[in-house]
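Listing of target10.cif, mmCIF, C-alpha atoms
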```cif
data_query
#
loop_
_atom_site.label_atom_id
_atom_site.label_comp_id
_atom_site.auth_asym_id
_atom_site.auth_seq_id
_atom_site.Cartn_x
_atom_site.Cartn_y
_atom_site.Cartn_z
CA MET A 2 0.00 0.00 0.00
CA SER A 3 1.42 3.41 -0.97
CA LYS A 4 2.18 5.95 1.74
CA ARG A 5 -0.34 8.65 2.49
CA GLN A 6 0.89 12.04 1.34
CA ILE A 7 0.85 15.14 3.54
CA LEU A 8 1.67 18.72 2.53
CA VAL A 9 2.96 21.06 5.25
CA VAL A 10 2.47 24.77 4.48
CA ASP A 11 4.21 27.11 6.93
CA ASP A 12 6.49 30.14 6.57
CA GLU A 13 8.69 29.09 9.53
CA PRO A 14 11.49 26.76 8.31
CA ASP A 15 12.04 25.20 11.75
CA ILE A 16 8.40 24.14 11.98
CA ARG A 17 8.39 22.83 8.41
CA SER A 18 11.47 20.66 8.95
CA LEU A 19 10.37 19.46 12.41
CA VAL A 20 6.86 18.44 11.29
CA GLN A 21 8.25 16.83 8.11
CA GLU A 22 10.73 14.77 10.11
CA ILE A 23 8.10 13.62 12.62
CA LEU A 24 5.53 12.68 9.99
CA GLU A 25 8.08 10.83 7.87
CA ASP A 26 9.06 8.85 10.97
CA GLU A 27 5.36 7.95 11.28
CA GLY A 28 5.39 6.50 7.76
CA PHE A 29 3.92 9.39 5.74
CA SER A 30 5.30 10.88 2.54
CA VAL A 31 5.74 14.62 3.23
CA ASN A 32 6.35 17.68 1.06
CA VAL A 33 6.65 21.25 2.38
CA ALA A 34 5.81 24.76 1.13
CA GLU A 35 6.84 28.11 2.64
CA ASN A 36 4.09 30.25 1.11
CA ALA A 37 0.81 30.16 -0.84
CA THR A 38 2.46 30.28 -4.25
CA LYS A 39 4.59 27.22 -3.49
CA ALA A 40 1.61 25.50 -1.86
CA ARG A 41 -0.49 25.86 -5.04
CA GLN A 42 2.32 24.25 -7.05
CA GLU A 43 2.66 21.37 -4.59
CA VAL A 44 -1.09 20.72 -4.63
CA GLU A 45 -0.98 20.35 -8.41
CA SER A 46 2.09 18.09 -8.53
CA PHE A 47 2.11 16.26 -5.18
CA LYS A 48 -1.66 15.59 -4.87
CA PRO A 49 -1.64 15.47 -1.04
CA ASP A 50 -4.07 13.29 0.92
CA LEU A 51 -4.01 15.86 3.76
CA ILE A 52 -2.77 19.45 4.17
CA LEU A 53 -1.40 21.16 7.29
CA LEU A 54 -1.91 24.87 6.61
CA ASP A 55 -0.57 27.81 8.62
CA ILE A 56 -2.97 30.74 8.98
CA TRP A 57 -0.46 33.58 9.14
CA MET A 58 1.84 33.71 6.09
CA PRO A 59 3.61 36.66 4.38
CA ASP A 60 1.95 36.58 0.95
CA ILE A 61 -1.56 35.14 1.26
CA ASP A 62 -3.02 34.08 4.62
CA GLY A 63 -4.16 30.51 5.19
CA ILE A 64 -7.89 31.31 5.53
CA THR A 65 -7.88 32.94 2.09
CA LEU A 66 -6.04 29.96 0.61
CA LEU A 67 -8.44 27.57 2.35
CA LYS A 68 -11.46 29.35 0.86
CA GLU A 69 -9.86 29.34 -2.57
CA TRP A 70 -9.24 25.59 -2.47
CA LYS A 71 -12.63 24.71 -1.05
CA GLU A 72 -14.75 27.06 -3.16
CA ASP A 73 -13.40 25.87 -6.51
CA GLY A 74 -13.90 22.25 -5.42
CA GLY A 75 -10.41 21.28 -6.51
CA ILE A 76 -9.35 19.89 -3.12
CA THR A 77 -11.35 17.28 -1.25
CA SER A 78 -8.52 16.26 1.07
CA PRO A 79 -8.88 17.29 4.74
CA ILE A 80 -7.14 20.56 5.66
CA ILE A 81 -5.93 21.13 9.23
CA MET A 82 -5.22 24.76 10.13
CA MET A 83 -2.29 25.80 12.36
CA SER A 84 -1.79 29.11 14.17
CA GLY A 85 0.29 30.61 16.94
CA HIS A 86 -2.31 33.31 17.54
CA GLY A 87 -5.41 31.13 17.65
CA ASN A 88 -8.73 31.77 19.27
CA VAL A 89 -12.15 30.16 19.12
CA GLU A 90 -13.42 32.70 16.56
CA THR A 91 -10.56 31.90 14.19
CA ALA A 92 -11.16 28.17 14.63
CA VAL A 93 -14.88 28.56 13.93
CA GLU A 94 -14.16 30.64 10.81
CA ALA A 95 -11.70 28.02 9.55
CA THR A 96 -14.13 25.13 10.04
CA ARG A 97 -16.96 27.15 8.49
CA HIS A 98 -14.89 27.48 5.33
CA GLY A 99 -14.16 23.76 5.18
CA ALA A 100 -11.17 23.09 7.44
CA TYR A 101 -11.27 19.70 9.14
CA ASP A 102 -9.77 21.00 12.40
CA PHE A 103 -7.66 23.74 13.99
CA ILE A 104 -4.58 23.29 16.21
CA GLU A 105 -2.52 25.84 18.07
CA LYS A 106 1.22 26.47 18.12
CA PRO A 107 3.44 25.51 19.78
CA LEU A 108 2.33 22.22 18.33
CA SER A 109 1.61 19.28 20.58
CA ILE A 110 2.96 16.31 18.63
CA SER A 111 0.49 13.88 20.21
CA LYS A 112 -2.40 16.23 19.40
CA LEU A 113 -1.12 16.70 15.85
CA LEU A 114 -0.83 12.95 15.19
CA LEU A 115 -4.23 12.24 16.76
CA THR A 116 -5.89 14.94 14.66
CA ILE A 117 -4.30 13.56 11.48
CA LYS A 118 -5.46 10.05 12.42
CA HIS A 119 -9.04 11.26 12.97
CA ALA A 120 -8.96 13.21 9.70
CA PHE A 121 -8.03 10.12 7.70
CA GLU A 122 -10.71 8.09 9.52
CA THR A 123 -13.31 10.73 8.64
CA THR A 124 -12.20 10.76 5.02
CA SER A 125 -12.62 6.98 4.86
CA LEU A 126 -16.13 7.31 6.28
CA GLN A 127 -17.03 9.97 3.73
CA GLN A 128 -15.74 7.82 0.88
CA GLU A 129 -17.76 4.88 2.18
CA ASN A 130 -20.90 7.02 2.33
CA LEU A 131 -20.25 8.28 -1.19
CA GLN A 132 -20.01 4.72 -2.44
CA LEU A 133 -23.21 3.81 -0.63
CA ARG A 134 -25.07 6.76 -2.17
CA HIS A 135 -24.00 5.50 -5.58
CA THR A 136 -25.27 2.03 -4.72
CA THR A 137 -28.79 1.39 -5.96
CA SER A 138 -31.54 1.18 -3.39
CA ALA A 139 -32.25 -2.32 -4.71
CA ARG A 140 -28.89 -3.51 -3.33
CA LEU A 141 -29.79 -2.04 0.04
CA GLU A 142 -33.23 -3.61 0.02
CA PRO A 143 -33.86 -6.40 2.52
CA ILE A 144 -33.48 -9.72 0.72
CA GLY A 145 -36.58 -11.86 0.18
CA LYS A 146 -40.18 -11.85 -0.98
CA SER A 147 -41.88 -13.36 2.05
CA LYS A 148 -44.87 -11.58 3.54
CA VAL A 149 -42.76 -10.67 6.58
CA ILE A 150 -40.10 -8.91 4.49
CA LEU A 151 -42.59 -7.25 2.12
CA ASN A 152 -44.48 -5.80 5.10
CA LEU A 153 -41.20 -4.62 6.63
CA ARG A 154 -40.18 -2.87 3.40
CA SER A 155 -43.56 -1.15 3.27
CA GLN A 156 -43.27 -0.02 6.89
CA ILE A 157 -39.75 1.37 6.36
CA ALA A 158 -40.86 3.23 3.22
CA ARG A 159 -43.62 4.97 5.20
CA ILE A 160 -41.31 5.83 8.08
CA ALA A 161 -38.57 7.15 5.76
CA ALA A 162 -40.67 10.17 4.77
CA HIS A 163 -40.61 11.51 8.35
CA ASP A 164 -37.68 12.90 10.34
CA THR A 165 -38.72 11.39 13.68
CA PRO A 166 -36.18 9.28 15.61
CA VAL A 167 -36.35 5.54 14.95
CA LEU A 168 -35.57 2.66 17.29
CA ILE A 169 -34.64 -0.61 15.57
CA TYR A 170 -34.97 -3.88 17.49
CA GLY A 171 -33.51 -7.19 16.42
CA GLU A 172 -31.59 -10.22 17.62
CA SER A 173 -27.82 -10.28 17.30
CA GLY A 174 -26.76 -10.85 13.71
CA THR A 175 -29.97 -9.61 12.04
CA ASP A 176 -28.05 -6.85 10.20
CA LYS A 177 -29.94 -3.94 11.74
CA GLU A 178 -27.57 -1.46 10.09
CA LEU A 179 -28.62 -2.65 6.63
CA PHE A 180 -32.23 -1.73 7.44
CA ALA A 181 -31.12 1.64 8.80
CA ARG A 182 -29.20 2.34 5.58
CA TYR A 183 -32.19 1.20 3.52
CA LEU A 184 -34.40 3.66 5.42
CA HIS A 185 -31.84 6.40 4.80
CA SER A 186 -31.74 5.63 1.07
CA LEU A 187 -35.51 6.23 0.86
CA SER A 188 -35.53 9.42 2.93
CA PRO A 189 -35.29 13.09 1.87
CA ARG A 190 -31.85 13.13 3.56
CA ASN A 191 -30.41 10.41 1.31
CA ASP A 192 -27.76 12.80 -0.07
CA GLY A 193 -26.48 13.44 3.46
CA PRO A 194 -23.94 11.35 5.38
CA PHE A 195 -24.76 8.12 7.21
CA ILE A 196 -22.56 8.16 10.31
CA THR A 197 -22.33 5.07 12.52
CA VAL A 198 -21.29 5.24 16.16
CA SER A 199 -20.91 2.13 18.29
CA ILE A 200 -21.50 2.99 21.94
CA SER A 201 -19.46 0.00 23.12
CA ALA A 202 -16.45 1.30 21.14
CA LEU A 203 -16.45 4.81 22.66
CA ALA A 204 -13.60 5.66 25.03
CA LYS A 205 -15.11 5.56 28.51
CA ASP A 206 -13.52 8.82 29.70
CA HIS A 207 -14.11 10.75 26.47
CA ALA A 208 -17.45 9.36 25.22
CA GLU A 209 -19.28 12.66 25.64
CA ILE A 210 -16.63 14.56 23.66
CA GLU A 211 -16.57 11.90 20.94
CA LEU A 212 -20.33 12.21 20.57
CA PHE A 213 -20.88 15.96 20.86
CA GLY A 214 -17.46 17.46 20.10
CA SER A 215 -15.68 20.05 22.22
CA LYS A 216 -14.44 23.65 22.33
CA THR A 217 -11.94 24.12 25.11
CA ASN A 218 -8.74 26.13 25.45
CA ASN A 219 -9.23 27.59 21.97
CA GLN A 220 -9.30 24.05 20.52
CA PHE A 221 -12.19 22.56 18.53
CA GLN A 222 -12.76 18.81 18.24
CA GLU A 223 -15.46 17.52 15.92
CA GLY A 224 -17.92 14.97 17.32
CA TYR A 225 -20.20 12.38 15.71
CA PHE A 226 -23.13 14.80 15.85
CA ASP A 227 -21.11 17.30 13.79
CA LYS A 228 -20.18 14.64 11.23
CA ALA A 229 -23.82 13.55 10.79
CA LYS A 230 -25.12 17.04 9.99
CA GLY A 231 -27.68 16.89 7.17
CA GLY A 232 -27.89 13.11 7.28
CA VAL A 233 -28.30 10.27 9.75
CA LEU A 234 -26.58 9.42 13.02
CA TYR A 235 -26.93 5.66 13.51
CA ILE A 236 -26.34 4.70 17.15
CA LYS A 237 -25.49 1.04 17.62
CA ASP A 238 -25.86 -0.60 21.04
CA ILE A 239 -28.04 2.23 22.41
CA SER A 240 -28.70 0.09 25.50
CA GLU A 241 -24.95 0.31 26.32
CA LEU A 242 -25.22 4.09 26.88
CA ASP A 243 -24.46 5.04 30.49
CA LYS A 244 -27.01 6.99 32.50
CA THR A 245 -25.17 10.33 32.23
CA LEU A 246 -25.06 10.14 28.44
CA GLN A 247 -28.66 8.93 28.38
CA SER A 248 -29.64 12.14 30.17
CA HIS A 249 -27.60 14.27 27.75
CA LEU A 250 -29.08 12.53 24.70
CA HIS A 251 -32.58 12.95 26.10
CA ASP A 252 -32.06 16.72 26.41
CA VAL A 253 -30.71 16.90 22.86
CA LEU A 254 -33.67 15.02 21.39
CA GLU A 255 -36.18 17.02 23.42
CA THR A 256 -34.76 20.46 22.53
CA LYS A 257 -33.53 19.43 19.06
CA ARG A 258 -30.30 21.27 19.84
CA TYR A 259 -26.88 20.30 21.12
CA SER A 260 -23.70 22.09 22.11
CA HIS A 261 -20.01 21.24 22.08
CA ILE A 262 -18.55 20.29 25.44
CA GLY A 263 -17.09 23.45 26.94
CA SER A 264 -19.28 25.79 24.87
CA SER A 265 -22.71 27.31 25.50
CA GLU A 266 -23.46 27.87 21.81
CA GLN A 267 -26.57 25.92 20.77
CA ILE A 268 -26.44 24.05 17.44
CA GLU A 269 -29.56 22.96 15.60
CA LEU A 270 -30.03 19.19 15.42
CA ASP A 271 -30.05 18.92 11.64
CA MET A 272 -30.08 15.14 11.32
CA ARG A 273 -32.13 12.03 11.90
CA ILE A 274 -31.36 9.76 14.84
CA ILE A 275 -31.66 6.01 14.30
CA ALA A 276 -30.82 3.86 17.32
CA ALA A 277 -30.55 0.08 17.44
CA THR A 278 -30.57 -2.55 20.16
CA ARG A 279 -30.72 -6.32 20.54
CA PHE A 280 -32.08 -6.04 24.10
CA ASP A 281 -35.59 -5.54 25.47
CA ILE A 282 -35.31 -1.93 26.65
CA GLU A 283 -38.55 -2.11 28.66
CA THR A 284 -36.87 -4.75 30.82
CA LEU A 285 -33.82 -2.50 31.19
CA ILE A 286 -36.14 0.32 32.31
CA GLN A 287 -37.63 -1.92 34.99
CA GLU A 288 -34.10 -2.72 36.14
CA ASN A 289 -33.28 1.02 36.26
CA ARG A 290 -30.62 0.61 33.56
CA PHE A 291 -32.30 2.78 30.93
CA ARG A 292 -34.22 6.05 31.21
CA ASP A 293 -37.88 5.71 30.34
CA ASP A 294 -38.13 9.33 29.08
CA LEU A 295 -35.31 8.70 26.57
CA TYR A 296 -36.97 5.46 25.50
CA TYR A 297 -40.25 7.27 24.74
CA LEU A 298 -38.43 9.87 22.63
CA LEU A 299 -36.60 7.19 20.63
CA ASN A 300 -39.47 4.75 20.33
CA VAL A 301 -41.89 6.94 18.36
CA LEU A 302 -41.34 4.85 15.22
CA PRO A 303 -40.10 1.39 16.26
CA ILE A 304 -38.94 -1.15 13.68
CA SER A 305 -38.62 -4.81 14.61
CA ILE A 306 -36.22 -6.85 12.45
CA PRO A 307 -37.35 -10.50 12.25
CA PRO A 308 -34.91 -13.37 12.80
CA ILE A 309 -34.37 -15.65 9.81
CA ARG A 310 -36.48 -18.42 11.38
CA ASP A 311 -39.52 -16.12 11.04
CA HIS A 312 -39.10 -15.85 7.26
CA TYR A 313 -37.30 -19.11 6.43
CA GLU A 314 -38.82 -19.12 2.92
CA ASP A 315 -36.34 -16.34 2.03
CA VAL A 316 -33.29 -18.50 2.78
CA PRO A 317 -32.72 -19.66 -0.85
CA ALA A 318 -32.72 -16.03 -2.06
CA MET A 319 -30.32 -15.06 0.74
CA LEU A 320 -27.98 -17.92 -0.13
CA GLU A 321 -27.95 -16.87 -3.79
CA TYR A 322 -27.33 -13.24 -2.84
CA TYR A 323 -24.31 -14.02 -0.66
CA VAL A 324 -22.84 -16.43 -3.21
CA ASP A 325 -22.90 -13.56 -5.73
CA TYR A 326 -21.60 -11.16 -3.06
CA PHE A 327 -18.47 -13.23 -2.31
CA ILE A 328 -17.82 -13.89 -5.98
CA GLU A 329 -17.89 -10.12 -6.60
CA THR A 330 -16.03 -8.90 -3.51
CA GLU A 331 -13.51 -11.70 -2.89
CA GLY A 332 -13.22 -13.43 -6.24
CA LEU A 333 -14.39 -16.79 -4.82
CA PRO A 334 -15.45 -19.51 -7.27
CA TYR A 335 -19.12 -19.96 -8.15
CA ARG A 336 -20.92 -22.79 -6.37
CA LYS A 337 -24.63 -23.61 -6.28
CA PHE A 338 -26.68 -25.00 -3.40
CA ASP A 339 -28.65 -28.04 -4.55
CA VAL A 340 -32.31 -28.44 -3.57
CA ALA A 341 -31.69 -30.76 -0.63
CA ALA A 342 -29.04 -28.39 0.78
CA GLN A 343 -31.40 -25.42 0.43
CA ASN A 344 -34.22 -27.31 2.17
CA ARG A 345 -31.92 -28.25 5.03
CA LEU A 346 -30.93 -24.62 5.51
CA ARG A 347 -34.57 -23.51 5.32
CA SER A 348 -35.33 -25.71 8.31
CA TYR A 349 -32.24 -24.62 10.29
CA GLN A 350 -32.94 -22.26 13.23
CA TRP A 351 -30.11 -19.78 12.46
CA PRO A 352 -29.24 -18.64 16.00
CA GLY A 353 -26.67 -16.25 14.50
CA ASN A 354 -29.10 -14.99 11.85
CA VAL A 355 -27.70 -13.19 8.78
CA ARG A 356 -24.19 -13.03 10.21
CA GLU A 357 -24.14 -16.82 10.57
CA LEU A 358 -25.66 -17.42 7.12
CA LYS A 359 -23.09 -15.14 5.51
CA ASN A 360 -20.21 -16.92 7.29
CA ILE A 361 -21.46 -20.35 6.25
CA VAL A 362 -21.78 -19.34 2.58
CA GLN A 363 -18.25 -17.91 2.64
CA ARG A 364 -16.85 -21.06 4.28
CA LEU A 365 -18.54 -23.37 1.76
CA LEU A 366 -17.26 -21.34 -1.21
CA ILE A 367 -13.70 -21.40 0.13
CA LEU A 368 -13.48 -25.02 1.22
CA GLY A 369 -15.54 -26.80 -1.44
CA THR A 370 -14.31 -28.00 -4.83
CA ASP A 371 -17.42 -29.21 -6.68
CA GLU A 372 -19.74 -26.76 -8.39
CA ASN A 373 -22.73 -28.04 -6.41
CA ILE A 374 -23.03 -27.72 -2.63
CA ASN A 375 -24.79 -30.85 -1.35
CA ILE A 376 -26.55 -31.66 1.89
CA ASP A 377 -23.57 -33.60 3.31
CA GLU A 378 -21.37 -30.51 3.05
CA VAL A 379 -24.07 -28.43 4.69
CA GLU A 380 -24.53 -30.92 7.56
CA SER A 381 -20.80 -30.97 8.14
CA CYS A 382 -20.67 -27.18 8.11
CA LEU A 383 -23.62 -26.84 10.49
CA GLY A 384 -22.05 -29.40 12.81
CA ASN A 385 -18.85 -27.35 12.97
CA SER A 386 -20.91 -24.20 13.45
CA GLN A 387 -22.93 -25.65 16.32
CA LYS A 388 -20.18 -27.60 18.09
CA LYS A 389 -17.34 -25.17 17.29
CA ASP A 390 -13.74 -26.16 17.76
CA ASN A 391 -11.75 -25.92 20.98
CA SER A 392 -10.11 -22.65 19.89
CA SER A 393 -13.40 -20.76 20.14
CA THR A 394 -15.17 -22.58 23.02
CA MET A 395 -14.50 -23.40 26.64
CA GLU A 396 -16.90 -25.94 28.06
CA GLY A 397 -19.55 -24.75 25.61
CA PHE A 398 -18.75 -21.05 26.01
CA ASP A 399 -19.10 -19.06 22.77
CA PHE A 400 -16.18 -16.67 22.22
CA ASP A 401 -17.81 -15.20 19.12
CA LEU A 402 -20.49 -13.40 21.15
CA PRO A 403 -20.46 -9.60 21.50
CA LEU A 404 -18.70 -8.51 24.70
CA ARG A 405 -21.85 -7.75 26.69
CA ASP A 406 -23.54 -11.01 25.67
CA ALA A 407 -20.36 -12.94 26.50
CA ARG A 408 -20.07 -11.28 29.90
CA GLU A 409 -23.71 -12.01 30.79
CA SER A 410 -23.45 -15.59 29.48
CA PHE A 411 -20.36 -16.25 31.60
CA GLU A 412 -21.81 -14.58 34.71
CA LYS A 413 -25.00 -16.64 34.43
CA ALA A 414 -23.14 -19.94 34.02
CA TYR A 415 -20.71 -19.01 36.80
CA LEU A 416 -23.42 -18.06 39.33
CA GLU A 417 -25.57 -21.09 38.46
CA TYR A 418 -22.53 -23.28 39.15
CA GLN A 419 -21.87 -21.52 42.48
CA LEU A 420 -25.53 -21.85 43.52
CA LYS A 421 -25.53 -25.55 42.70
CA LYS A 422 -22.30 -25.98 44.65
CA ALA A 423 -23.79 -24.07 47.62
CA LYS A 424 -27.08 -26.03 47.36
CA GLY A 425 -29.02 -22.85 46.64
CA SER A 426 -27.67 -20.78 49.53
CA VAL A 427 -27.34 -17.16 48.40
CA SER A 428 -25.43 -16.27 51.59
CA LYS A 429 -22.78 -18.91 50.88
CA VAL A 430 -22.45 -17.79 47.25
CA ALA A 431 -22.11 -14.16 48.33
CA ASN A 432 -19.27 -15.08 50.68
CA THR A 433 -17.61 -17.34 48.11
CA VAL A 434 -17.60 -14.89 45.20
CA GLY A 435 -17.00 -11.78 47.33
CA ILE A 436 -20.16 -9.84 46.52
CA GLU A 437 -22.65 -8.10 48.80
CA ARG A 438 -25.82 -10.19 49.20
CA THR A 439 -28.29 -7.50 48.10
CA HIS A 440 -26.24 -6.84 44.97
CA LEU A 441 -26.09 -10.59 44.31
CA TYR A 442 -29.89 -10.86 44.48
CA ARG A 443 -30.18 -8.04 41.92
CA LYS A 444 -27.60 -9.72 39.71
CA LEU A 445 -29.46 -13.06 39.84
CA LYS A 446 -32.72 -11.36 38.92
CA THR A 447 -31.09 -9.44 36.05
CA LEU A 448 -29.61 -12.65 34.64
CA GLY A 449 -32.94 -14.49 34.91
CA ILE A 450 -31.68 -17.10 37.40
CA ASP A 451 -34.57 -18.68 39.30
CA LEU A 452 -33.53 -19.52 42.88
CA LYS A 453 -36.22 -22.21 43.06
#
```
Mind turning the file's structure into structure tokens?
Amino acid sequence: MSKRQILVVDDEPDIRSLVQEILEDEGFSVNVAENATKARQEVESFKPDLILLDIWMPDIDGITLLKEWKEDGGITSPIIMMSGHGNVETAVEATRHGAYDFIEKPLSISKLLLTIKHAFETTSLQQENLQLRHTTSARLEPIGKSKVILNLRSQIARIAAHDTPVLIYGESGTDKELFARYLHSLSPRNDGPFITVSISALAKDHAEIELFGSKTNNQFQEGYFDKAKGGVLYIKDISELDKTLQSHLHDVLETKRYSHIGSSEQIELDMRIIAATRFDIETLIQENRFRDDLYYLLNVLPISIPPIRDHYEDVPAMLEYYVDYFIETEGLPYRKFDVAAQNRLRSYQWPGNVRELKNIVQRLLILGTDENINIDEVESCLGNSQKKDNSSTMEGFDFDLPLRDARESFEKAYLEYQLKKAKGSVSKVANTVGIERTHLYRKLKTLGIDLK
């Protein structure tokens, strides 16, 4: 893979050479320019993937150069502004004219590298969204012609016309994001970005800043809400949101405004919120793990994604789709499921839903040699899928589960074992595992363990 190219534009030679040396050590290809004239030449010849641009330069200032590049549409690469005389107003002006971010001098190397990393991540997201907008809505359509899927398509089409928040329910592996993207493709906002945020992947100490952005100490950091402007913010694992962030999100949805952390400026909520969960949120409310007022704001237009077992007649079409998908994306050889193999998979319960079906198709295309996939191959594959090998199981424990599911599965098995060992005595278990008895009772109830 070729190195990413960065152009450093600054009139101070010491800064140019220092930043060039650091970025080259990080594996980037770096060119430098001391003024606007040289920078224009480098943009034409070097074709940078990212530009670090000083605001104060002797011939033409950086803001003017930024506007020139952005207004003529010639540069789509992210531009990060640098200044030794920065303030919030300058940062806001720079971002308003298309800058990705603004950093102050003297430069913090860790801040500089982190900002560059985030800029490239954002660019990748934008390119992905551009590709998705060029994908036909037919490719995004849920696969199948069963009554269940046809009704779901019709429901999504009706909901797409409105800007109200949507809450999508579905078991693990049902590809809830596909349905969210399908909704987006049918909506008036389909030219806007589709930004995905996974709550479980947010940094615990900086989750609020990652979501809402920040303006502190004359520094501006873009958040997911900023990135989703004009489009959709898709929130995965909404049930993983901690109570503080639940309260903040509730206020945002209720007022339809948000603000950057550290700033009192109110920003209009110009986007649609689609949240998804695999858990029963009403149960979480009863357990005081989710705010009921936030749930009511999100649950105005609920969408329930059916598991495969509820529309098993669509399995042959799904198999055909994913065969074509892996041929196109990975260059795998064509193979065809024979009738007996298809019927066996129609009757299979698919505990992993679409994710499991997709994995099985991929495995059969890679490992098989004949053009036809027969029932013996399928039985063997399902046996491996159900039993799993010792590298991914421990006494029946499934290491392929999402972290929260895995944690709850282990805790339930562990506490059931301890209860059996203690002949049902909660006091003994509490002493053995080192947990306060009242908390243990709550934990047993949450995990659905019946003491009887």
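Closest to A:Ile61 among A:Val10, A:Leu285, A:Val20, A:Ala431 is A:Val10, based on all atoms listed in the file.
The residues returned by the PyMOL selection byres ((chain A and resi 309) around 10) for this structure are A:Glu172, A:Gly174, A:Thr175, A:Ile306, A:Pro307, A:Pro308, A:Arg310, A:Asp311, A:His312, A:Tyr313, A:Glu314, A:Asp315, A:Val316, A:Met319, A:Arg347, A:Tyr349, A:Gln350, A:Trp351, A:Pro352, A:Gly353, A:Asn354, A:Val355, A:Leu358.
By only C-alpha atoms, and with residues fewer than 5 positions from A:Glu94 along its chain excluded, the set lying at most 12 Å from it is Ile56, Gly63, Ile64, Thr65, Leu67, Lys68, Met82, Gly87, Asn88, Val89, Gly99, Ala100, Tyr101, Asp102, Phe103 and Phe221 of chain A.
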_Which residues would end up in the selection if the PyMOL selection byres ((chain A and resi 327-335) around 10) were applied here, given that I need the answer as JSON, numbers by chain?_
{"A": [322, 323, 324, 325, 326, 336, 337, 359, 362, 363, 366, 367, 369, 370, 371, 372, 373]}
*For A:Gln42, list every protein, DNA or RNA residue within 12 Å, evaluated using only C-alpha atoms, and leave out those in the same chain fewer than 5 positions away; present the list as JSON, numbers by chain.*
{"A": [8, 10, 32, 33, 34, 35, 36, 37, 47, 48, 49]}
Just write the chosen residues, C-alpha atoms, as a short mmCIF file (atom, residue, chain, number, x, y, z; two decimals), in the frame of the given file.
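Result saved to again37.cif:
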```
data_model
loop_
_atom_site.label_atom_id
_atom_site.label_comp_id
_atom_site.auth_asym_id
_atom_site.auth_seq_id
_atom_site.Cartn_x
_atom_site.Cartn_y
_atom_site.Cartn_z
CA LEU A 8 1.67 18.72 2.53
CA VAL A 10 2.47 24.77 4.48
CA ASN A 32 6.35 17.68 1.06
CA VAL A 33 6.65 21.25 2.38
CA ALA A 34 5.81 24.76 1.13
CA GLU A 35 6.84 28.11 2.64
CA ASN A 36 4.09 30.25 1.11
CA ALA A 37 0.81 30.16 -0.84
CA PHE A 47 2.11 16.26 -5.18
CA LYS A 48 -1.66 15.59 -4.87
CA PRO A 49 -1.64 15.47 -1.04
#
```
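Between A:Arg258 and the residues A:Phe226, A:Trp57, A:Tyr170, A:Trp70, the shortest atom-to-atom distance, using all atoms listed in the file, involves A:Phe226.
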Contacts of A:Lys413 within 9 Å, only C-alpha atoms, excl. fewer than 6 positions in-chain, as a PDB file with C-alpha atoms, in the coordinates of the input:
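As written to disk, out28.pdb reads:
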```
ATOM      1  CA  LEU A 445     -29.460 -13.060  39.840  1.00  0.00           C
ATOM      2  CA  LEU A 448     -29.610 -12.650  34.640  1.00  0.00           C
ATOM      3  CA  GLY A 449     -32.940 -14.490  34.910  1.00  0.00           C
ATOM      4  CA  ILE A 450     -31.680 -17.100  37.400  1.00  0.00           C
TER       5      ILE A 450
END
```
*Identify the residues around (-41.6, -0.9, 7.4) within a radius of 12 Å, measuring from all atoms listed in the file in the coordinates stated by the file, and give them as a count of residues only.*
30
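Taking atom CA of A:Asp176 and atom CA of A:Ala342 as endpoints, the distance between them is 23.5 Å.
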*asked:* Using all atoms listed in the file, can you tell me which of A:Ser84, A:Leu404, A:Gly232, A:Thr447 comes closest to A:Thr284?
replied: A:Thr447
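Interatomic distance, atom CA of A:Leu179 against atom CA of A:Leu141: 6.7 Å.
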*Given all atoms listed in the file as the counted atoms, nearest of A:Leu416, A:Asn375, A:Arg279, A:Glu288 to A:Ser173*: A:Arg279
